[in-house]
Each structure stands twice: as structure tokens, then as C-alpha cells.
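J.: Next up is a structure, given as C-alpha cells.
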There are 2 protein chains.
Amino acid sequence: MASFSEFDFIDALPRQMGKGCSLGIGDDAALFGSPPWAISSDALSEGRHFLNTDEPEAIGKKTAAVNISDMAAMACEPRFMLLNLHLGSSWRDASKCDAFMKGFLSELARFNVSLIGGDTVSSESEGLHCSATVIGSPMAQTPVLRSGAKVGDVIAVSGPLGGSYPKRHLQVEPRVAFAKALVSAVNVHAMMDISDGLSQDIGHILDASRVGALLDLASIPLHQDTLDGEDLVQSALSDGEDFELLFTLSAQAFEKASKILPLFPIGRIVSGAGQLRARVDARAPYRPLERSGFRHDG
Amino acid sequence: MASFSEFDFIDALPRQMGKGCSLGIGDDAALFGSPPWAISSDALSEGRHFLNTDEPEAIGKKTAAVNISDMAAMACEPRFMLLNLHLGSSWRDASKCDAFMKGFLSELARFNVSLIGGDTVSSESEGLHCSATVIGSPMAQTPVLRSGAKVGDVIAVSGPLGGSYPKRHLQVEPRVAFAKALVSAVNVHAMMDISDGLSQDIGHILDASRVGALLDLASIPLHQDTLDGEDLVQSALSDGEDFELLFTLSAQAFEKASKILPLFPIGRIVSGAGQLRARVDARAPYRPLERSGFRHDG
């Protein structure tokens, strides 16, 4: 029973359930229509994704931001949003809901996203359960999927990782402008946002692209919030909720994009479907890296 | 505080929040893109929309069906669905979730809808909080909105009303085929599905269309499930969760459509924005009808 909370029920459904759309379950967003629209949904529960002591405005902002981040991850411009709220007993308070909506709508305004629908119902629980659905359109010719990584690609991230909890887990900064600048300049082969931690999330690109990866742990940019921790690299690999972009592109494209954007190279794509290896520095051998985090005994 | 649970937070947001889409908050679905896509979201909470003693398969079926019904209400073909689940302690049980998904997916299969995304998270509550988002495309040239009712229109429903709880509140039958046959045959001016009860829901058409309505209570088709009740008409007016279609069309269109579909005329559209009046039989005078239900002292 305990492990069930970690089981992503939706991801486990067969991919063929998505027939009729060009990309179904298993990426940051699904694609439908022609020209394609991207759509994605993220759910948040009180006590898991935010606390009852957090500011309602910050909770509203996060609810919008994590969804907008999924559009950046696909190189899609976020356009429209729907919001569902299950209001528990502690949320049937107009000023608290107003504060939530202030944060939610200000985040939408910042990214020029329109709220076009949703549903609000009461709940017999105490806390808030909410979810939002975001719709976007490709920034460049096509959305960037998790499945396009190629052997020889540079693996890079858009910013420093680790230590998001407790300092900035509510201050999610969707990398929309970064994604737009990146895909406008070069051809990006694969991309996603880092929500569960680098070592776990990169596995999704490796599986979808049927490639392997070699990571240079010393080159992973560490967020200053990791500096309180005992194992900085472990924090950067597994803390999650960074919402930086993780992407792969050719060495030439990396060189070109590096001139206009701060890119952080952290490794390269190699053959060997799903195999993730890492080295602690340039003189050390590559060793298998567990997707749940760095294997200290490896 | 008590009244807050009845306050539809999303509907209260200004309509201009939906800028950039052709129809925003305030109809059964929002429209975006060209040619238009319709999108709608419905949320369900355990203890409010279903009980912890209900069959998980029936709960899954209802979650899909109430969303599909919103597409029928817009004369749109349901195409794609996203599902969000917040699993409380009593739902972190694979067989219970499997049963939910069996009901959910079988309903999708019945209407040829593809599950393309969603999110599953755990919740600190005991029960299930879920929501789904459905996307569809117009069955005819354009979607049918709530705002198109014209003075002189016949008001009709697609089937008998009332008594849905407790007998059939989980057996929602989305009127997709009915909507398709109707809009293929004639021009429908306004349409919605009845989820909160006829007397409340018709107010949305009157407000959106800036017209009034005269209802003939004796002509409202009563569902056999109302027959246990004390006031059959009151039950048909206010029970809710019927999910029959409520629509308006010209007298000529009504005549034509009646030859191919079972239509139940219940009144007509008149001038007088938002004014709802009803008579108990053809010899009685029309009297104001409260939107929350029939005014017995009127």
C-alpha cells in the first residue's frame, strides 16, 4: 500500500489509449489537432504540494506556474487555462479564495494566459485539492518532445538545481522565455522540465528516445539553496521541484545557443537504451546512477 | 460561510478573463482556436458527488459521463479527455483504482474518446477528489451556445426529468447521439445540459440570451423515478443531475425535428431578460417561478 502513492497511475496506462492525438500520455503534454495544440494537467493536494500554513496567494501562483512550466517544457506558448478547485472546510472563506485567485491570475497575466473555464466544488476534507489544465501552441515549427534525443547530443539544463524545499518550492519560475529563445535559435532534440529531480526525470528522456546518458556530476550547476545540505550533488540530482528545463541538442547547436543564453552542459547522450551513468569528476570512471538518486555505494 | 459552498467561484470571475478565446467562462464549455475546439472541466468530490459506498466503477463512469455531457450540451463531439485524481487513504488500493479506471475508460470507449493525459497525486484526506477535462469539436457548423435563444422559440428537453438521486445519479447518460441528430436536422438556437435542475439551469439561457421564458409545468416530462416523491413537478424542476438537454429552437424547427426525435416541449421564449414564469395548467395564469425551484406560495 505504501508504495502506491509513488505509482503514477496515469503514466502506467497504455500509451495506445491516446489514439487520435499525435502524442498521448507520457510527455509533458499531449498534442492534438492540426496545427497541433499542446495540453497538460497538473494536480496539487494540500499537505503534499503545499501546506495549510503557506500563503494562499503563493499556492495559487504555484498552481498556475507548474502548469505553465509544462508548456515551456514542450516549447509551447501557454495560451489558455482551466482551474478546478475542491474547497475543503478551511477554504470556504472568500478572502482566502480571493488571495488564491490573486496569485493564480497574476501568474496567468504575467505569461499572457487566459482563464477560460473550470469548476469549483466543495469537499468534505479540510484542505484544498486543486488542478489546472493548460493549453498552448508551439513556439517554433513543432513542439519539442522527450523522444528526440540523439547519440552525441549535449545534455544541458537551464539553471542551477537542488534545494527547492523548503525555501523556494512555492516560487516556481516557468522557463517560458528561455524555451522561446532557445528554440528560436537552434534545433532542440528533446526537452522536459525537472519536477521530480534530475536523476529521475532524465530517465524519461532516455526511455522515450531509447538512448543512454553519461553525466558529469561536477558540472551540474548547484542552486545556492543546496548549500545548507550535506550532499550538494545528491540534492541537485534528487530534490525535485526545480522546474528548470532539461534538454539535449547537437554540439554545434549547443555552441550557437551558448552565445545567447546561459546553458549549463551536464553530460552527453550515448547509445544504450535507458542506461544512466555518471562520474564524479573528469578523472573518475563512469558508474551506474540510480534514477532515484546517486548511488553512494556505486 | 455556509452559503459559500453554493457560490460558484469560477462563474463569478469576470467574463473578460477569457480574452483570446471566442467563448470563455459561463457556458458549458469554452471555445478556442479556429476552427474552434470546445473544452470543459468538471470536478467531483467524495461525499458530495458520490459516496464512499458507491461502486468505484460507477464513480469512474460518472466522472467521464458528466464531462462528456458538457460536449453534448454544446453540440460538440467529445474527442479527448484528461483525468486528474487526488487519491485519499481509502483509495491507495490498486484494485479500487483499477475498478474506477475500468468504469472511466469503458465510458470513454463507448463515446470514442481518447484519454490523452492527466495527473495522479496522493491526498491527505480519506476520500477521492477527481476532475476531468474534455475536448471536442463541433458536430455541425458551429457549437450551440446558451446565448442564442430568440423570442418565439419553443423550449424543449430531450427526456424525462427528476428523481435522479438516489436511483440513477451515477448512471449519467450523455445525450451525444441526441445532440448530433438534432443539430444535423435543424438549427438549434441555444442549448445546455440540465445538471442543477431545470428551474435553475434555464436561468443561464435566459441571462445569456437576455430573454424570458414561460413554462407549462404540466408538459414537463416526469421521470418514473420521481413517482416516489411528494411533489413530482418540484422534483422535475429542481432535483438536478438529469443530464438531459435543454434547448430552444423555432416552431418550424421544432416541428421538423419532432418527426425524427422524441422532443418534449415545455414552454416558449418571450421578451423580458431573465424573467422566468410558469403555469400549472393551460387555464391557470403564469406566475413567477423561482430559479431554485417552484414557488409554492406564488
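Ligands are numbered from 1 in the order shown, residues from 1 within each chain, and chains are lettered A, B, ... in the order they appear in the C-alpha cells.
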I'd like to know which residues of segment 44-86 of chain B are strand (DSSP E or B) (by DSSP, run on the backbone); could you write them as a ChimeraX atom specification?

T.: /B:44-46,50,76-86

J.: Please extract the residues of segment 31-251 of chain B with a backbone DSSP assignment of helix (DSSP H, G or I) and present them as a PyMOL selection string.

T.: chain B and resi 56-73+89-91+94-110+176-185+198-209+217-219+224-228+232-238+251

J.: Enter the distance from atom CA of Ile194 of chain A to atom CA of Ser209 of chain A, in Å, rounded to one decimal.

T.: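 So the two atoms, atom CA of Ile194 of chain A and atom CA of Ser209 of chain A, lie 16.9 Å apart.
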
J.: Rank nothing, just name the residue among B:Arg268, B:Met192, B:Val157, B:Glu244 nearest to Gly212 of chain B, using only C-alpha atoms.

T.: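 Of B:Arg268, B:Met192, B:Val157, B:Glu244, the one nearest Gly212 of chain B, counting only C-alpha atoms, is B:Arg268.
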
J.: Using only C-alpha atoms, which of A:Gly274, A:Gly88, A:Pro143, A:Pro78 sits nearest Phe111 of chain A?

T.: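 Comparing A:Gly274, A:Gly88, A:Pro143, A:Pro78 against Phe111 of chain A, the winner is A:Pro78.
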
J.: Looking at only C-alpha atoms, which of A:Trp37, A:Phe264, A:Phe104, A:Tyr286 is the one that sits closest to chain B?

T.: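 Of all the options, A:Trp37 lies closest to chain B.
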
J.: Can you pull out every residue within 10 Å of Val144 of chain A, counting only C-alpha atoms, but drop anything in the same chain fewer than 3 positions away, and send it as an MDAnalysis selection string?

T.: chainID A and resid 27:28 72:76 138:141 147:148 179 183 187:192 247

J.: Export, as a PDB file, in the first residue's frame, the selected residues with N, CA and C atoms.

T.:
```pdb
ATOM      1  N   ASP A  27       4.430  12.343 -22.088  1.00  0.00           N
ATOM      2  CA  ASP A  27       5.298  13.504 -22.265  1.00  0.00           C
ATOM      3  C   ASP A  27       4.806  14.597 -21.313  1.00  0.00           C
ATOM      4  N   ASP A  28       5.418  15.783 -21.378  1.00  0.00           N
ATOM      5  CA  ASP A  28       4.963  16.859 -20.502  1.00  0.00           C
ATOM      6  C   ASP A  28       3.558  17.309 -20.863  1.00  0.00           C
ATOM      7  N   ALA A  72       6.378  25.300 -21.310  1.00  0.00           N
ATOM      8  CA  ALA A  72       7.778  25.633 -21.614  1.00  0.00           C
ATOM      9  C   ALA A  72       8.544  24.361 -21.966  1.00  0.00           C
ATOM     10  N   ALA A  73       8.261  23.279 -21.215  1.00  0.00           N
ATOM     11  CA  ALA A  73       8.954  22.002 -21.416  1.00  0.00           C
ATOM     12  C   ALA A  73       8.723  21.418 -22.802  1.00  0.00           C
ATOM     13  N   MET A  74       7.627  21.774 -23.436  1.00  0.00           N
ATOM     14  CA  MET A  74       7.287  21.287 -24.780  1.00  0.00           C
ATOM     15  C   MET A  74       7.640  22.320 -25.847  1.00  0.00           C
ATOM     16  N   ALA A  75       8.244  23.428 -25.445  1.00  0.00           N
ATOM     17  CA  ALA A  75       8.476  24.561 -26.354  1.00  0.00           C
ATOM     18  C   ALA A  75       7.159  25.060 -26.937  1.00  0.00           C
ATOM     19  N   CYS A  76       6.169  25.147 -26.065  1.00  0.00           N
ATOM     20  CA  CYS A  76       4.867  25.686 -26.469  1.00  0.00           C
ATOM     21  C   CYS A  76       4.552  26.935 -25.657  1.00  0.00           C
ATOM     22  N   PRO A 138       2.724  25.652 -30.346  1.00  0.00           N
ATOM     23  CA  PRO A 138       4.180  25.571 -30.493  1.00  0.00           C
ATOM     24  C   PRO A 138       4.840  26.937 -30.702  1.00  0.00           C
ATOM     25  N   MET A 139       5.974  27.152 -30.006  1.00  0.00           N
ATOM     26  CA  MET A 139       6.736  28.386 -30.171  1.00  0.00           C
ATOM     27  C   MET A 139       7.468  28.380 -31.518  1.00  0.00           C
ATOM     28  N   ALA A 140       7.968  27.219 -31.904  1.00  0.00           N
ATOM     29  CA  ALA A 140       8.676  27.087 -33.185  1.00  0.00           C
ATOM     30  C   ALA A 140       7.810  26.212 -34.097  1.00  0.00           C
ATOM     31  N   GLN A 141       8.400  25.599 -35.088  1.00  0.00           N
ATOM     32  CA  GLN A 141       7.616  24.806 -36.033  1.00  0.00           C
ATOM     33  C   GLN A 141       6.856  23.673 -35.333  1.00  0.00           C
ATOM     34  N   SER A 147      11.223  12.431 -26.782  1.00  0.00           N
ATOM     35  CA  SER A 147      11.659  11.256 -27.548  1.00  0.00           C
ATOM     36  C   SER A 147      12.695  11.539 -28.622  1.00  0.00           C
ATOM     37  N   GLY A 148      13.188  12.788 -28.721  1.00  0.00           N
ATOM     38  CA  GLY A 148      14.050  13.105 -29.861  1.00  0.00           C
ATOM     39  C   GLY A 148      15.539  13.140 -29.589  1.00  0.00           C
ATOM     40  N   ALA A 179      12.830  28.957 -23.048  1.00  0.00           N
ATOM     41  CA  ALA A 179      12.474  27.974 -24.082  1.00  0.00           C
ATOM     42  C   ALA A 179      12.282  28.647 -25.427  1.00  0.00           C
ATOM     43  N   VAL A 183      14.553  27.654 -28.661  1.00  0.00           N
ATOM     44  CA  VAL A 183      14.056  27.001 -29.880  1.00  0.00           C
ATOM     45  C   VAL A 183      13.991  27.957 -31.065  1.00  0.00           C
ATOM     46  N   ASN A 187      17.899  24.039 -33.146  1.00  0.00           N
ATOM     47  CA  ASN A 187      17.053  22.856 -33.156  1.00  0.00           C
ATOM     48  C   ASN A 187      17.313  22.055 -31.878  1.00  0.00           C
ATOM     49  N   VAL A 188      16.316  21.978 -31.007  1.00  0.00           N
ATOM     50  CA  VAL A 188      16.448  21.215 -29.758  1.00  0.00           C
ATOM     51  C   VAL A 188      15.855  19.828 -29.988  1.00  0.00           C
ATOM     52  N   HIS A 189      16.599  18.795 -29.652  1.00  0.00           N
ATOM     53  CA  HIS A 189      16.143  17.433 -29.961  1.00  0.00           C
ATOM     54  C   HIS A 189      15.132  16.872 -28.963  1.00  0.00           C
ATOM     55  N   ALA A 190      15.353  17.135 -27.677  1.00  0.00           N
ATOM     56  CA  ALA A 190      14.460  16.610 -26.632  1.00  0.00           C
ATOM     57  C   ALA A 190      14.456  17.598 -25.483  1.00  0.00           C
ATOM     58  N   MET A 191      13.307  17.716 -24.804  1.00  0.00           N
ATOM     59  CA  MET A 191      13.243  18.653 -23.683  1.00  0.00           C
ATOM     60  C   MET A 191      12.142  18.226 -22.712  1.00  0.00           C
ATOM     61  N   MET A 192      12.333  18.599 -21.433  1.00  0.00           N
ATOM     62  CA  MET A 192      11.308  18.431 -20.406  1.00  0.00           C
ATOM     63  C   MET A 192      11.642  19.375 -19.261  1.00  0.00           C
ATOM     64  N   PHE A 247      17.418  19.491 -21.463  1.00  0.00           N
ATOM     65  CA  PHE A 247      17.260  19.324 -22.913  1.00  0.00           C
ATOM     66  C   PHE A 247      18.534  18.775 -23.538  1.00  0.00           C
TER      67      PHE A 247
END
```

J.: Extract, using only C-alpha atoms, all DNA, RNA and protein residues at most 7 Å from Ala273 of chain A, discarding same-chain residues fewer than 4 positions from it, and format them as an MDAnalysis selection string.

T.: chainID A and resid 206:207 210:212

J.: Near Lys96 of chain B, counting only C-alpha atoms, which residues have an atom at most 12 Å away, once you skip same-chain residues fewer than 3 positions from it, shown as a ChimeraX atom specification?

T.: /A:1,4,9 /B:52-60,87-93,99-103,127-128

J.: Generate the output file for the selected residues, C-alpha atoms, as a short mmCIF file (atom, residue, chain, number, x, y, z; two decimals), in the first residue's frame.

T.:
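Final output, saved to result26.cif:
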```cif
data_model
loop_
_atom_site.label_atom_id
_atom_site.label_comp_id
_atom_site.auth_asym_id
_atom_site.auth_seq_id
_atom_site.Cartn_x
_atom_site.Cartn_y
_atom_site.Cartn_z
CA MET A 1 0.00 0.00 0.00
CA PHE A 4 1.12 3.05 -4.19
CA PHE A 9 -1.46 5.68 -12.24
CA ASN B 52 -17.60 6.04 -0.32
CA THR B 53 -20.13 3.20 -0.50
CA ASP B 54 -20.67 3.63 -4.26
CA GLU B 55 -19.04 1.18 -6.62
CA PRO B 56 -15.65 2.56 -7.81
CA GLU B 57 -16.51 1.51 -11.36
CA ALA B 58 -19.71 3.56 -11.28
CA ILE B 59 -17.79 6.56 -9.90
CA GLY B 60 -15.31 6.32 -12.77
CA LEU B 87 -6.13 9.67 -4.06
CA GLY B 88 -7.00 9.74 -0.36
CA SER B 89 -6.07 6.99 2.10
CA SER B 90 -9.03 4.77 1.21
CA TRP B 91 -8.11 4.96 -2.49
CA ARG B 92 -4.46 3.93 -2.31
CA ASP B 93 -5.62 0.48 -3.28
CA ALA B 99 -12.24 -0.54 -10.94
CA PHE B 100 -12.54 3.25 -11.20
CA MET B 101 -10.45 3.25 -14.38
CA LYS B 102 -12.46 0.36 -15.82
CA GLY B 103 -15.63 2.43 -15.49
CA GLY B 127 -11.68 10.07 0.02
CA LEU B 128 -11.25 10.70 -3.68
#
```
